[in-house]
file entry_17.cif (mmCIF, C-alpha atoms)
data_work
loop_
_atom_site.label_atom_id
_atom_site.label_comp_id
_atom_site.auth_asym_id
_atom_site.auth_seq_id
_atom_site.Cartn_x
_atom_site.Cartn_y
_atom_site.Cartn_z
CA MET A 1 4.16 -15.35 -24.16
CA THR A 2 6.31 -16.82 -26.87
CA TYR A 3 9.57 -16.78 -24.98
CA ARG A 4 11.62 -19.98 -25.13
CA PHE A 5 13.75 -20.82 -22.16
CA ASP A 6 17.29 -21.63 -23.13
CA TYR A 7 19.56 -23.38 -20.67
CA SER A 8 22.11 -24.64 -23.21
CA TRP A 9 24.74 -22.35 -21.66
CA ILE A 10 24.94 -24.48 -18.52
CA ALA A 11 27.31 -26.92 -20.22
CA GLU A 12 29.84 -24.14 -20.71
CA TYR A 13 29.28 -22.00 -17.64
CA TRP A 14 28.66 -24.42 -14.75
CA PRO A 15 32.22 -23.96 -13.40
CA VAL A 16 31.52 -20.23 -13.01
CA ILE A 17 28.43 -20.99 -10.96
CA LEU A 18 30.28 -23.58 -8.89
CA LYS A 19 33.02 -21.09 -8.12
CA GLY A 20 30.38 -18.54 -7.09
CA LEU A 21 28.73 -21.11 -4.86
CA VAL A 22 32.02 -21.90 -3.14
CA THR A 23 32.67 -18.18 -2.57
CA THR A 24 29.21 -17.60 -1.10
CA VAL A 25 29.66 -20.57 1.25
CA GLU A 26 33.13 -19.34 2.27
CA LEU A 27 31.83 -15.82 2.90
CA THR A 28 28.98 -17.17 4.98
CA LEU A 29 31.20 -19.47 7.05
CA ILE A 30 33.88 -16.89 7.83
CA GLY A 31 31.33 -14.12 8.28
CA THR A 32 29.26 -16.21 10.67
CA LEU A 33 32.20 -17.37 12.76
CA PHE A 34 33.70 -13.93 13.33
CA GLY A 35 30.33 -12.17 13.28
CA VAL A 36 28.94 -14.29 16.11
CA ALA A 37 32.21 -13.89 18.04
CA LEU A 38 31.90 -10.11 17.69
CA GLY A 39 28.25 -10.40 18.69
CA ILE A 40 29.18 -12.27 21.88
CA ALA A 41 31.74 -9.57 22.71
CA CYS A 42 29.11 -6.84 22.17
CA ALA A 43 26.50 -8.68 24.19
CA TRP A 44 28.97 -9.18 27.06
CA THR A 45 29.90 -5.50 27.02
CA ARG A 46 26.32 -4.29 27.00
CA SER A 47 25.02 -6.52 29.76
CA LEU A 48 28.05 -7.24 31.99
CA GLY A 49 31.03 -5.29 30.70
CA PRO A 50 32.58 -2.03 31.93
CA ARG A 51 30.18 0.91 31.84
CA TRP A 52 32.42 3.22 29.83
CA LEU A 53 32.52 0.71 26.97
CA ARG A 54 28.75 0.53 26.66
CA PRO A 55 27.93 3.79 24.79
CA PRO A 56 30.33 3.05 21.89
CA VAL A 57 28.88 -0.45 21.54
CA VAL A 58 25.32 0.91 21.58
CA ALA A 59 26.29 3.46 18.92
CA TYR A 60 27.85 0.74 16.76
CA VAL A 61 24.82 -1.53 17.05
CA GLU A 62 22.32 1.24 16.32
CA LEU A 63 24.33 2.57 13.39
CA ILE A 64 24.65 -0.82 11.73
CA ARG A 65 21.07 -1.88 12.36
CA ASN A 66 19.68 1.32 10.88
CA THR A 67 21.69 1.52 7.64
CA PRO A 68 21.53 -0.76 4.58
CA PHE A 69 24.15 -3.50 4.19
CA LEU A 70 24.87 -2.20 0.67
CA ILE A 71 25.97 1.18 2.03
CA GLN A 72 28.09 -0.45 4.75
CA LEU A 73 29.77 -2.48 2.04
CA PHE A 74 30.39 0.55 -0.19
CA PHE A 75 31.69 2.55 2.74
CA ILE A 76 34.17 -0.19 3.63
CA PHE A 77 35.27 -0.94 0.08
CA PHE A 78 35.24 2.54 -1.50
CA GLY A 79 35.39 4.80 1.54
CA LEU A 80 38.06 3.26 3.75
CA PRO A 81 40.84 3.28 1.11
CA SER A 82 40.88 7.10 1.42
CA LEU A 83 41.98 6.52 5.03
CA GLY A 84 44.73 4.26 3.70
CA VAL A 85 42.99 0.93 4.40
CA GLN A 86 43.21 -1.16 1.22
CA MET A 87 41.44 -4.49 0.88
CA THR A 88 40.57 -7.04 -1.76
CA GLU A 89 36.92 -7.46 -2.72
CA PHE A 90 36.71 -10.69 -0.74
CA GLN A 91 38.23 -9.15 2.39
CA ALA A 92 35.89 -6.16 2.19
CA ALA A 93 32.90 -8.47 1.74
CA VAL A 94 33.91 -10.57 4.76
CA LEU A 95 34.53 -7.49 6.89
CA ALA A 96 31.14 -6.01 5.97
CA MET A 97 29.39 -9.28 6.83
CA VAL A 98 31.22 -9.59 10.15
CA VAL A 99 30.42 -6.00 11.12
CA ASN A 100 26.79 -6.46 10.08
CA LEU A 101 26.20 -9.80 11.79
CA GLY A 102 28.14 -8.59 14.85
CA ALA A 103 25.57 -5.88 15.50
CA TYR A 104 22.51 -8.05 14.91
CA SER A 105 23.74 -11.13 16.75
CA GLY A 106 24.93 -8.89 19.59
CA GLU A 107 21.36 -7.78 20.21
CA ILE A 108 20.02 -11.32 19.93
CA ILE A 109 22.62 -12.80 22.29
CA ARG A 110 22.14 -9.95 24.76
CA ALA A 111 18.48 -10.91 25.02
CA GLY A 112 19.60 -14.44 25.87
CA ILE A 113 22.09 -13.26 28.48
CA GLU A 114 19.61 -10.93 30.15
CA ALA A 115 17.12 -13.77 30.48
CA THR A 116 19.63 -15.61 32.70
CA PRO A 117 18.28 -15.88 36.26
CA ARG A 118 20.35 -13.98 38.86
CA GLY A 119 20.83 -17.14 40.87
CA GLN A 120 23.00 -18.55 38.08
CA PHE A 121 25.59 -15.80 38.56
CA GLU A 122 25.52 -16.31 42.30
CA ALA A 123 25.78 -20.07 41.93
CA GLY A 124 28.82 -19.59 39.68
CA ALA A 125 30.41 -17.24 42.21
CA SER A 126 29.72 -19.62 45.08
CA LEU A 127 31.60 -22.35 43.19
CA ALA A 128 34.63 -20.02 43.26
CA MET A 129 34.47 -19.40 39.54
CA THR A 130 35.92 -16.13 38.32
CA ARG A 131 33.57 -13.72 36.56
CA PHE A 132 34.93 -14.83 33.21
CA GLU A 133 34.49 -18.52 34.02
CA THR A 134 30.94 -17.89 35.20
CA PHE A 135 30.19 -16.07 31.96
CA ARG A 136 31.80 -18.71 29.77
CA HIS A 137 30.34 -21.84 31.42
CA VAL A 138 27.22 -20.74 33.25
CA VAL A 139 25.80 -17.79 31.36
CA LEU A 140 26.86 -17.92 27.72
CA ILE A 141 26.06 -21.49 26.71
CA PRO A 142 22.48 -21.53 28.05
CA ALA A 143 22.01 -18.03 26.63
CA LEU A 144 23.10 -19.22 23.18
CA GLN A 145 20.85 -22.24 23.51
CA ARG A 146 17.91 -19.99 24.32
CA ILE A 147 18.36 -17.73 21.29
CA TRP A 148 19.74 -20.32 18.84
CA PRO A 149 16.63 -20.31 16.57
CA ALA A 150 16.70 -16.50 16.29
CA LEU A 151 20.43 -16.50 15.69
CA SER A 152 20.03 -19.16 13.00
CA SER A 153 17.47 -17.06 11.13
CA GLN A 154 19.77 -14.06 11.32
CA ILE A 155 22.64 -16.09 9.87
CA VAL A 156 20.40 -17.18 6.98
CA ILE A 157 19.39 -13.54 6.42
CA VAL A 158 23.06 -12.52 6.30
CA MET A 159 23.82 -15.33 3.84
CA LEU A 160 21.00 -14.13 1.56
CA GLY A 161 22.11 -10.53 2.04
CA SER A 162 25.57 -11.50 0.82
CA ALA A 163 24.16 -11.48 -2.73
CA VAL A 164 24.94 -7.76 -2.63
CA VAL A 165 28.71 -8.28 -2.45
CA SER A 166 28.63 -8.91 -6.20
CA GLN A 167 28.34 -5.13 -6.46
CA ILE A 168 31.97 -4.70 -5.38
CA ALA A 169 32.92 -7.56 -7.73
CA ALA A 170 33.39 -10.21 -5.04
CA GLU A 171 32.81 -13.33 -7.10
CA ASP A 172 29.83 -14.94 -5.38
CA ILE A 173 26.76 -16.65 -6.89
CA THR A 174 25.17 -13.36 -7.92
CA PHE A 175 28.41 -12.28 -9.56
CA ALA A 176 28.35 -15.53 -11.55
CA ALA A 177 24.75 -14.84 -12.58
CA ASN A 178 25.64 -11.33 -13.73
CA PHE A 179 28.66 -12.65 -15.60
CA ILE A 180 26.65 -15.32 -17.38
CA GLN A 181 23.82 -13.00 -18.35
CA SER A 182 26.29 -10.50 -19.78
CA ARG A 183 27.86 -13.23 -21.92
CA THR A 184 24.80 -15.20 -23.00
CA PHE A 185 22.04 -12.55 -22.80
CA ARG A 186 19.97 -15.19 -21.02
CA ALA A 187 19.22 -12.93 -18.07
CA PHE A 188 16.03 -14.53 -16.77
CA GLU A 189 17.32 -18.09 -17.00
CA SER A 190 20.56 -17.15 -15.32
CA TYR A 191 18.89 -15.39 -12.38
CA PHE A 192 16.19 -18.04 -12.14
CA LEU A 193 18.75 -20.81 -11.77
CA THR A 194 20.86 -18.94 -9.22
CA THR A 195 17.79 -17.93 -7.22
CA GLY A 196 16.96 -21.62 -6.95
CA LEU A 197 20.50 -22.20 -5.80
CA TYR A 198 20.10 -19.61 -3.04
CA LEU A 199 16.86 -21.25 -1.95
CA LEU A 200 18.58 -24.63 -1.66
CA LEU A 201 21.49 -23.02 0.15
CA ALA A 202 19.12 -21.36 2.63
CA LEU A 203 17.36 -24.66 3.33
CA ALA A 204 20.69 -26.48 3.71
CA LEU A 205 22.08 -23.77 5.98
CA ARG A 206 19.01 -23.93 8.22
CA GLN A 207 19.42 -27.72 8.53
CA ALA A 208 23.15 -27.37 9.19
CA LEU A 209 22.53 -24.79 11.92
CA ARG A 210 19.97 -27.07 13.51
CA GLY A 211 22.65 -29.78 13.52
CA VAL A 212 25.22 -27.41 15.02
CA GLY A 213 22.68 -26.50 17.67
CA ARG A 214 22.21 -30.13 18.58
CA MET A 215 25.98 -30.57 18.78
CA LEU A 216 26.58 -27.46 20.90
CA PHE A 217 23.69 -28.04 23.27
CA PRO A 218 23.46 -31.80 23.75
CA ARG A 219 21.80 -31.47 27.13
CA ARG A 220 18.53 -30.42 25.59
CA ALA A 221 18.34 -33.62 23.55
CA ALA A 222 19.01 -35.72 26.66
CA ARG A 223 16.28 -34.04 28.64
CA MET B 1 37.52 20.44 -12.99
CA MET B 2 34.40 21.29 -11.08
CA THR B 3 34.56 21.47 -7.32
CA PHE B 4 31.71 20.35 -5.11
CA THR B 5 30.97 21.78 -1.72
CA LEU B 6 29.61 19.62 1.06
CA TRP B 7 26.27 21.34 0.58
CA ASP B 8 26.17 20.39 -3.12
CA ILE B 9 26.69 16.77 -2.19
CA LEU B 10 24.19 16.79 0.64
CA ARG B 11 21.54 18.60 -1.40
CA ASN B 12 21.71 16.05 -4.21
CA LEU B 13 21.55 13.17 -1.77
CA LEU B 14 18.56 14.65 0.02
CA LEU B 15 16.74 15.19 -3.28
CA ALA B 16 17.27 11.53 -4.11
CA ALA B 17 16.23 10.48 -0.60
CA ARG B 18 12.70 11.55 -1.49
CA TRP B 19 12.51 8.55 -3.81
CA THR B 20 13.71 6.25 -1.06
CA VAL B 21 10.85 7.56 1.09
CA VAL B 22 8.26 7.20 -1.70
CA LEU B 23 9.37 3.68 -2.59
CA SER B 24 9.42 2.67 1.09
CA LEU B 25 5.86 3.94 1.56
CA VAL B 26 4.59 2.24 -1.59
CA SER B 27 6.25 -1.05 -0.63
CA PHE B 28 5.06 -0.94 2.94
CA VAL B 29 1.46 -0.05 2.14
CA GLY B 30 1.27 -2.42 -0.84
CA GLY B 31 3.03 -5.18 1.07
CA GLY B 32 0.70 -4.60 4.02
CA LEU B 33 -2.42 -4.97 1.88
CA LEU B 34 -1.10 -8.09 0.15
CA GLY B 35 0.06 -9.39 3.53
CA MET B 36 -3.47 -9.04 4.92
CA ALA B 37 -4.90 -10.98 2.00
CA LEU B 38 -2.28 -13.69 2.52
CA LEU B 39 -2.94 -13.71 6.27
CA TYR B 40 -6.61 -14.36 5.56
CA LEU B 41 -5.60 -17.47 3.59
CA ARG B 42 -2.91 -18.49 6.09
CA ILE B 43 -5.15 -18.61 9.15
CA GLY B 44 -8.25 -19.63 7.21
CA LYS B 45 -9.80 -23.05 7.09
CA ALA B 46 -8.85 -24.01 3.51
CA ARG B 47 -5.82 -26.31 3.47
CA ALA B 48 -4.79 -25.33 -0.06
CA GLY B 49 -4.69 -21.67 0.92
CA ARG B 50 -2.49 -22.37 3.95
CA ILE B 51 -0.06 -24.46 1.92
CA PHE B 52 0.09 -21.82 -0.81
CA VAL B 53 1.00 -19.09 1.68
CA GLN B 54 3.58 -21.31 3.38
CA GLY B 55 5.21 -21.92 0.02
CA TYR B 56 5.05 -18.22 -0.83
CA VAL B 57 6.73 -17.27 2.44
CA GLU B 58 9.39 -19.96 2.07
CA LEU B 59 10.16 -18.75 -1.45
CA PHE B 60 10.44 -15.05 -0.64
CA GLN B 61 12.19 -15.45 2.71
CA GLY B 62 14.54 -18.10 1.33
CA THR B 63 15.92 -16.13 -1.62
CA PRO B 64 17.85 -12.86 -1.72
CA LEU B 65 15.83 -9.69 -2.30
CA LEU B 66 18.40 -8.75 -4.93
CA MET B 67 17.55 -11.88 -6.94
CA GLN B 68 13.83 -11.13 -6.61
CA LEU B 69 14.53 -7.68 -8.03
CA PHE B 70 16.48 -9.12 -10.94
CA LEU B 71 13.75 -11.67 -11.67
CA ALA B 72 11.04 -8.99 -11.54
CA PHE B 73 13.12 -6.76 -13.80
CA PHE B 74 13.95 -9.38 -16.42
CA GLY B 75 10.90 -11.57 -15.84
CA LEU B 76 8.34 -8.87 -16.58
CA GLY B 77 10.29 -8.16 -19.75
CA LEU B 78 9.51 -11.69 -20.94
CA PHE B 79 5.87 -10.68 -21.29
CA GLY B 80 6.92 -8.10 -23.81
CA ILE B 81 6.52 -5.20 -21.38
CA ASP B 82 9.11 -2.47 -21.41
CA VAL B 83 9.86 -2.56 -17.68
CA PRO B 84 10.87 0.68 -16.02
CA ALA B 85 13.07 0.18 -12.95
CA TRP B 86 10.49 1.68 -10.58
CA LEU B 87 7.88 -0.88 -11.60
CA ALA B 88 10.16 -3.88 -11.04
CA ALA B 89 11.42 -2.33 -7.80
CA GLY B 90 7.94 -1.64 -6.47
CA LEU B 91 6.60 -5.04 -7.45
CA ALA B 92 9.49 -7.03 -5.95
CA LEU B 93 9.50 -5.01 -2.73
CA ILE B 94 5.73 -5.39 -2.29
CA LEU B 95 5.93 -9.17 -2.73
CA TRP B 96 8.94 -9.39 -0.40
CA THR B 97 7.38 -7.17 2.29
CA ALA B 98 4.15 -9.17 2.22
CA ALA B 99 6.06 -12.42 2.81
CA PHE B 100 7.56 -11.07 6.04
CA LEU B 101 4.48 -9.22 7.29
CA VAL B 102 2.22 -12.25 6.90
CA GLU B 103 4.55 -14.31 9.11
CA ILE B 104 4.79 -11.55 11.73
CA TRP B 105 1.03 -11.15 11.82
CA ARG B 106 0.34 -14.87 11.88
CA GLY B 107 2.48 -15.11 15.02
CA CYS B 108 0.42 -12.31 16.56
CA VAL B 109 -2.93 -13.94 15.80
CA GLU B 110 -1.66 -17.25 17.16
CA SER B 111 -0.39 -15.55 20.31
CA VAL B 112 -3.99 -14.87 21.33
CA ALA B 113 -4.80 -17.54 23.90
CA CYS B 114 -6.88 -20.53 22.82
CA GLY B 115 -9.39 -19.85 25.57
CA GLN B 116 -10.37 -16.64 23.80
CA TRP B 117 -11.53 -18.63 20.77
CA GLU B 118 -13.41 -21.07 22.95
CA ALA B 119 -14.97 -18.35 25.09
CA SER B 120 -16.20 -16.42 22.07
CA ALA B 121 -17.48 -19.60 20.44
CA SER B 122 -19.39 -20.45 23.62
CA LEU B 123 -21.04 -17.02 23.36
CA GLY B 124 -22.39 -18.13 19.99
CA MET B 125 -20.13 -15.96 17.86
CA GLY B 126 -19.38 -16.95 14.28
CA TYR B 127 -15.87 -16.98 12.78
CA VAL B 128 -16.13 -13.43 11.45
CA GLN B 129 -17.50 -12.11 14.75
CA GLN B 130 -14.78 -13.92 16.72
CA MET B 131 -12.14 -12.33 14.52
CA ARG B 132 -13.71 -8.89 14.49
CA TYR B 133 -14.55 -8.50 18.18
CA VAL B 134 -12.22 -10.84 20.07
CA ILE B 135 -9.11 -12.03 18.26
CA LEU B 136 -8.01 -9.15 16.01
CA PRO B 137 -8.30 -6.36 18.61
CA GLN B 138 -5.90 -8.32 20.80
CA ALA B 139 -3.65 -9.43 17.95
CA VAL B 140 -3.27 -5.87 16.64
CA ARG B 141 -1.87 -4.68 19.97
CA VAL B 142 0.81 -7.34 19.76
CA ALA B 143 1.40 -6.70 16.05
CA VAL B 144 2.11 -2.97 16.07
CA PRO B 145 5.68 -2.94 17.48
CA PRO B 146 7.13 -5.69 15.24
CA THR B 147 5.36 -4.21 12.21
CA VAL B 148 6.88 -0.80 12.83
CA GLY B 149 10.21 -2.55 13.42
CA PHE B 150 9.94 -4.33 10.10
CA SER B 151 9.38 -1.02 8.28
CA VAL B 152 13.09 -0.38 8.97
CA GLN B 153 13.91 -3.47 6.91
CA VAL B 154 11.75 -2.11 4.09
CA VAL B 155 13.57 1.24 4.04
CA LYS B 156 16.91 -0.59 3.99
CA GLY B 157 15.60 -2.97 1.34
CA THR B 158 14.96 -0.08 -1.04
CA ALA B 159 18.72 0.45 -1.21
CA LEU B 160 18.98 -2.67 -3.37
CA THR B 161 16.77 -1.17 -6.06
CA SER B 162 19.74 1.04 -7.00
CA ILE B 163 21.29 -2.10 -8.48
CA ILE B 164 18.54 -2.48 -11.09
CA GLY B 165 18.85 1.21 -11.88
CA PHE B 166 16.21 2.91 -9.77
CA VAL B 167 17.60 6.30 -8.76
CA GLU B 168 17.17 6.68 -5.02
CA LEU B 169 19.52 7.50 -2.18
CA SER B 170 22.04 4.69 -2.77
CA LYS B 171 22.17 5.23 -6.52
CA ALA B 172 22.61 8.96 -5.95
CA GLY B 173 25.48 8.08 -3.61
CA THR B 174 27.19 6.15 -6.39
CA VAL B 175 26.56 8.89 -8.95
CA VAL B 176 27.81 11.64 -6.67
CA THR B 177 30.89 9.57 -5.76
CA ASN B 178 31.71 9.15 -9.43
CA ALA B 179 31.51 12.92 -9.86
CA THR B 180 33.34 14.01 -6.71
CA PHE B 181 35.78 11.13 -6.04
CA GLU B 182 35.02 11.43 -2.34
CA PRO B 183 33.55 8.04 -1.44
CA PHE B 184 34.29 8.40 2.27
CA THR B 185 32.27 11.61 2.63
CA VAL B 186 29.50 10.64 0.25
CA TYR B 187 28.80 7.14 1.57
CA GLY B 188 29.19 8.45 5.11
CA LEU B 189 26.46 11.02 4.40
CA VAL B 190 24.30 8.41 2.66
CA ALA B 191 24.58 6.19 5.72
CA LEU B 192 23.64 9.10 7.99
CA ILE B 193 20.54 9.90 5.90
CA TYR B 194 19.43 6.26 6.06
CA PHE B 195 20.08 6.36 9.79
CA ALA B 196 17.95 9.50 10.12
CA LEU B 197 15.12 7.69 8.31
CA CYS B 198 15.39 4.36 10.13
CA TRP B 199 16.37 5.22 13.68
CA PRO B 200 13.11 6.99 14.60
CA LEU B 201 11.23 3.92 13.34
CA SER B 202 13.42 1.53 15.38
CA LYS B 203 13.08 3.69 18.45
CA SER B 204 9.31 4.06 18.19
CA SER B 205 9.04 0.30 17.73
CA GLN B 206 10.88 -0.18 21.04
CA ILE B 207 8.77 2.43 22.82
CA LEU B 208 5.52 0.97 21.44
CA GLU B 209 6.61 -2.46 22.58
CA ARG B 210 7.02 -1.17 26.12
CA LYS B 211 3.71 0.71 26.03
CA LEU B 212 1.47 -1.86 24.35
CA ASN B 213 2.89 -4.84 26.16
CA VAL B 214 1.44 -3.85 29.55
CA ALA B 215 -1.18 -6.59 29.44
CA HIS B 216 1.39 -9.32 28.88
CA ARG B 217 4.05 -8.16 31.30
CA ASP B 218 4.97 -10.49 34.18
CA HIS B 219 2.85 -13.34 32.92
#

call {"tool": "encode", "arguments": {"input": "entry_17.cif", "output": "structure tokens"}}
result
Amino acid sequence: MTYRFDYSWIAEYWPVILKGLVTTVELTLIGTLFGVALGIACAWTRSLGPRWLRPPVVAYVELIRNTPFLIQLFFIFFGLPSLGVQMTEFQAAVLAMVVNLGAYSGEIIRAGIEATPRGQFEAGASLAMTRFETFRHVVLIPALQRIWPALSSQIVIVMLGSAVVSQIAAEDITFAANFIQSRTFRAFESYFLTTGLYLLLALALRQALRGVGRMLFPRRAAR
Amino acid sequence: MMTFTLWDILRNLLLAARWTVVLSLVSFVGGGLLGMALLYLRIGKARAGRIFVQGYVELFQGTPLLMQLFLAFFGLGLFGIDVPAWLAAGLALILWTAAFLVEIWRGCVESVACGQWEASASLGMGYVQQMRYVILPQAVRVAVPPTVGFSVQVVKGTALTSIIGFVELSKAGTVVTNATFEPFTVYGLVALIYFALCWPLSKSSQILERKLNVAHRDH
């Protein structure tokens, strides 16, 4: 192998990569926040919510979990405009991530909710809490604590999956890599560097989520 | 201008879906074999082997599959090989699949109670005998449902190979959209075909979990 690695382009192109990094982080943050919120709503509906709402939620979860993220993204970005819904690349990317994480985290959180002992609901009711208060204070927080590791892995998976949004020209890290390789013809170097960036991002995200877990569920640390 | 009927669209998509199926099978079988080899190192006695597999898993689970595909596509080219898309796609998917399967299977082997190792050792069994007669038969029961469940991820993962130019269901969706200008219909159909491939796998994983988990229920 006589190939010589050439990274001289970094001096010129690092702002492109930085911008991509910021976009990926933004996508992940917004996607996670709304995705987990949607997941909580789905989990509530499936385990405690009104019966008539359950079949549509089940259909949504099954549909999303059994189709590729890329196709969901294309459907949202290319398909929905024919129904008159126009979005920017960034908005479409966020929406796809929220819809995707909503389905996955819904299933994960539901497992946590269904592991709640019956007595907890009854204890909440006997303290004169409304059903919503019982859910919010008694059921949800311990449920989230129980499934936090699984939810964290899913969030990391969604962050890594977001590399695909470059295909609708949302300007994330992968988009930066594509841009650089098309300008410099240094394809391997460009993807090698950005892959390393993703790896660091994944490690950092895992640590950050562990920190968030400690913040949200302080009781475990005290025990 | 040519007009396309729904059947024209669907027929072309279904023809391309064959390649999704072939690539999924190749990746799953190849990844399974590599995963077994890695599992042997991961639960073996050699420290270097364990650390190598841990690093391997961290690397492939910590980076996007899309990037792995790009690196396989452009990386193999560095060796002076003219890389067809199917080769890069197959290689990257096999490596990626193995990284997930080895972790799933490790969990299954470790889920076998410690006492089973001790009991079989006290019967004078060697490592290979312990594995063959005591540990693996129990681990396999636990491993089947999550392994089938992961096959869904493999089928969905093949969609990314369209980006490096492998013509399968997703790529066909893009091509047909560019010809028909009906993205809503085409991507809707593509999604339904993926669903038809994946849902039976998801469902059978759930059913297997219920069936094979009898021994562990209520413990």

call {"tool": "resolve_selection", "arguments": {"input": "entry_17.cif", "expression": "the PyMOL selection byres ((chain B and resi 174) around 12)", "output": "PDB file with C-alpha atoms, keeping the file's coordinate frame"}}
result
ATOM      1  CA  LEU A  70      24.870  -2.200   0.670  1.00  0.00           C
ATOM      2  CA  ILE A  71      25.970   1.180   2.030  1.00  0.00           C
ATOM      3  CA  PHE A  74      30.390   0.550  -0.190  1.00  0.00           C
ATOM      4  CA  PHE A  75      31.690   2.550   2.740  1.00  0.00           C
ATOM      5  CA  PHE A  78      35.240   2.540  -1.500  1.00  0.00           C
ATOM      6  CA  GLY A  79      35.390   4.800   1.540  1.00  0.00           C
ATOM      7  CA  GLN A 167      28.340  -5.130  -6.460  1.00  0.00           C
ATOM      8  CA  ILE A 168      31.970  -4.700  -5.380  1.00  0.00           C
TER       9      ILE A 168
ATOM     10  CA  ILE B   9      26.690  16.770  -2.190  1.00  0.00           C
ATOM     11  CA  ASN B  12      21.710  16.050  -4.210  1.00  0.00           C
ATOM     12  CA  LEU B  13      21.550  13.170  -1.770  1.00  0.00           C
ATOM     13  CA  ALA B  16      17.270  11.530  -4.110  1.00  0.00           C
ATOM     14  CA  ALA B 159      18.720   0.450  -1.210  1.00  0.00           C
ATOM     15  CA  SER B 162      19.740   1.040  -7.000  1.00  0.00           C
ATOM     16  CA  ILE B 163      21.290  -2.100  -8.480  1.00  0.00           C
ATOM     17  CA  GLY B 165      18.850   1.210 -11.880  1.00  0.00           C
ATOM     18  CA  PHE B 166      16.210   2.910  -9.770  1.00  0.00           C
ATOM     19  CA  VAL B 167      17.600   6.300  -8.760  1.00  0.00           C
ATOM     20  CA  GLU B 168      17.170   6.680  -5.020  1.00  0.00           C
ATOM     21  CA  LEU B 169      19.520   7.500  -2.180  1.00  0.00           C
ATOM     22  CA  SER B 170      22.040   4.690  -2.770  1.00  0.00           C
ATOM     23  CA  LYS B 171      22.170   5.230  -6.520  1.00  0.00           C
ATOM     24  CA  ALA B 172      22.610   8.960  -5.950  1.00  0.00           C
ATOM     25  CA  GLY B 173      25.480   8.080  -3.610  1.00  0.00           C
ATOM     26  CA  VAL B 175      26.560   8.890  -8.950  1.00  0.00           C
ATOM     27  CA  VAL B 176      27.810  11.640  -6.670  1.00  0.00           C
ATOM     28  CA  THR B 177      30.890   9.570  -5.760  1.00  0.00           C
ATOM     29  CA  ASN B 178      31.710   9.150  -9.430  1.00  0.00           C
ATOM     30  CA  ALA B 179      31.510  12.920  -9.860  1.00  0.00           C
ATOM     31  CA  THR B 180      33.340  14.010  -6.710  1.00  0.00           C
ATOM     32  CA  PHE B 181      35.780  11.130  -6.040  1.00  0.00           C
ATOM     33  CA  GLU B 182      35.020  11.430  -2.340  1.00  0.00           C
ATOM     34  CA  PRO B 183      33.550   8.040  -1.440  1.00  0.00           C
ATOM     35  CA  PHE B 184      34.290   8.400   2.270  1.00  0.00           C
ATOM     36  CA  THR B 185      32.270  11.610   2.630  1.00  0.00           C
ATOM     37  CA  VAL B 186      29.500  10.640   0.250  1.00  0.00           C
ATOM     38  CA  TYR B 187      28.800   7.140   1.570  1.00  0.00           C
ATOM     39  CA  GLY B 188      29.190   8.450   5.110  1.00  0.00           C
ATOM     40  CA  LEU B 189      26.460  11.020   4.400  1.00  0.00           C
ATOM     41  CA  VAL B 190      24.300   8.410   2.660  1.00  0.00           C
TER      42      VAL B 190
END

call {"tool": "resolve_selection", "arguments": {"input": "entry_17.cif", "expression": "the PyMOL selection byres ((chain B) within 7 of (chain A))", "output": "VMD selection string"}}
result
chain B and resid 62 to 64 66 to 67 70 to 71 74 to 75 78 to 79 156 159 183 to 184 187 to 188 191 194 to 195 198 to 199

call {"tool": "atom_distance", "arguments": {"input": "entry_17.cif", "atom1": "atom CA of Ala92 of chain A", "atom2": "atom CA of Ser24 of chain B"}}
result
27.9 Å

call {"tool": "residues_around", "arguments": {"input": "entry_17.cif", "residues": "Ala103 of chain A", "least_positions_apart": "2", "cutoff": "7 Å", "atoms": "all atoms listed in the file", "output": "VMD selection string"}}
result
chain A and resid 39 61 64 to 65 99 to 101 105 to 107

call {"tool": "residues_around", "arguments": {"input": "entry_17.cif", "residues": "segment 31-46 of chain B", "least_positions_apart": "3", "cutoff": "9 Å", "atoms": "all atoms listed in the file", "output": "list in words"}}
result
Val26, Ser27, Phe28, Gly49, Arg50, Ile51, Phe52, Val53, Gln54, Leu93, Ile94, Leu95, Trp96, Thr97, Ala98, Ala99, Phe100, Leu101, Val102, Glu103, Trp105, Arg106, Val109 and Glu110 of chain B

call {"tool": "atom_distance", "arguments": {"input": "entry_17.cif", "atom1": "atom CA of Asp82 of chain B", "atom2": "atom CA of Leu69 of chain B"}}
result
15.3 Å

call {"tool": "atom_distance", "arguments": {"input": "entry_17.cif", "atom1": "atom CA of Gly112 of chain A", "atom2": "atom CA of Val112 of chain B"}}
result
24.0 Å

call {"tool": "residues_around", "arguments": {"input": "entry_17.cif", "residues": "Pro142 of chain A", "least_positions_apart": "5", "cutoff": "9 Å", "atoms": "only C-alpha atoms", "output": "ChimeraX atom specification"}}
result
/A:112-113,116,137,147,217

call {"tool": "write_last_selection", "arguments": {"input": "entry_17.cif", "atoms": "C-alpha atoms", "output": "PDB file, in the frame of the given file"}}
result
ATOM      1  CA  GLY A 112      19.600 -14.440  25.870  1.00  0.00           C
ATOM      2  CA  ILE A 113      22.090 -13.260  28.480  1.00  0.00           C
ATOM      3  CA  THR A 116      19.630 -15.610  32.700  1.00  0.00           C
ATOM      4  CA  HIS A 137      30.340 -21.840  31.420  1.00  0.00           C
ATOM      5  CA  ILE A 147      18.360 -17.730  21.290  1.00  0.00           C
ATOM      6  CA  PHE A 217      23.690 -28.040  23.270  1.00  0.00           C
TER       7      PHE A 217
END

call {"tool": "residues_around", "arguments": {"input": "entry_17.cif", "residues": "segment 129-136 of chain B", "least_positions_apart": "6", "cutoff": "10 Å", "atoms": "only C-alpha atoms", "output": "number ranges by chain"}}
result
B: 108-114, 116-121, 123, 142-143
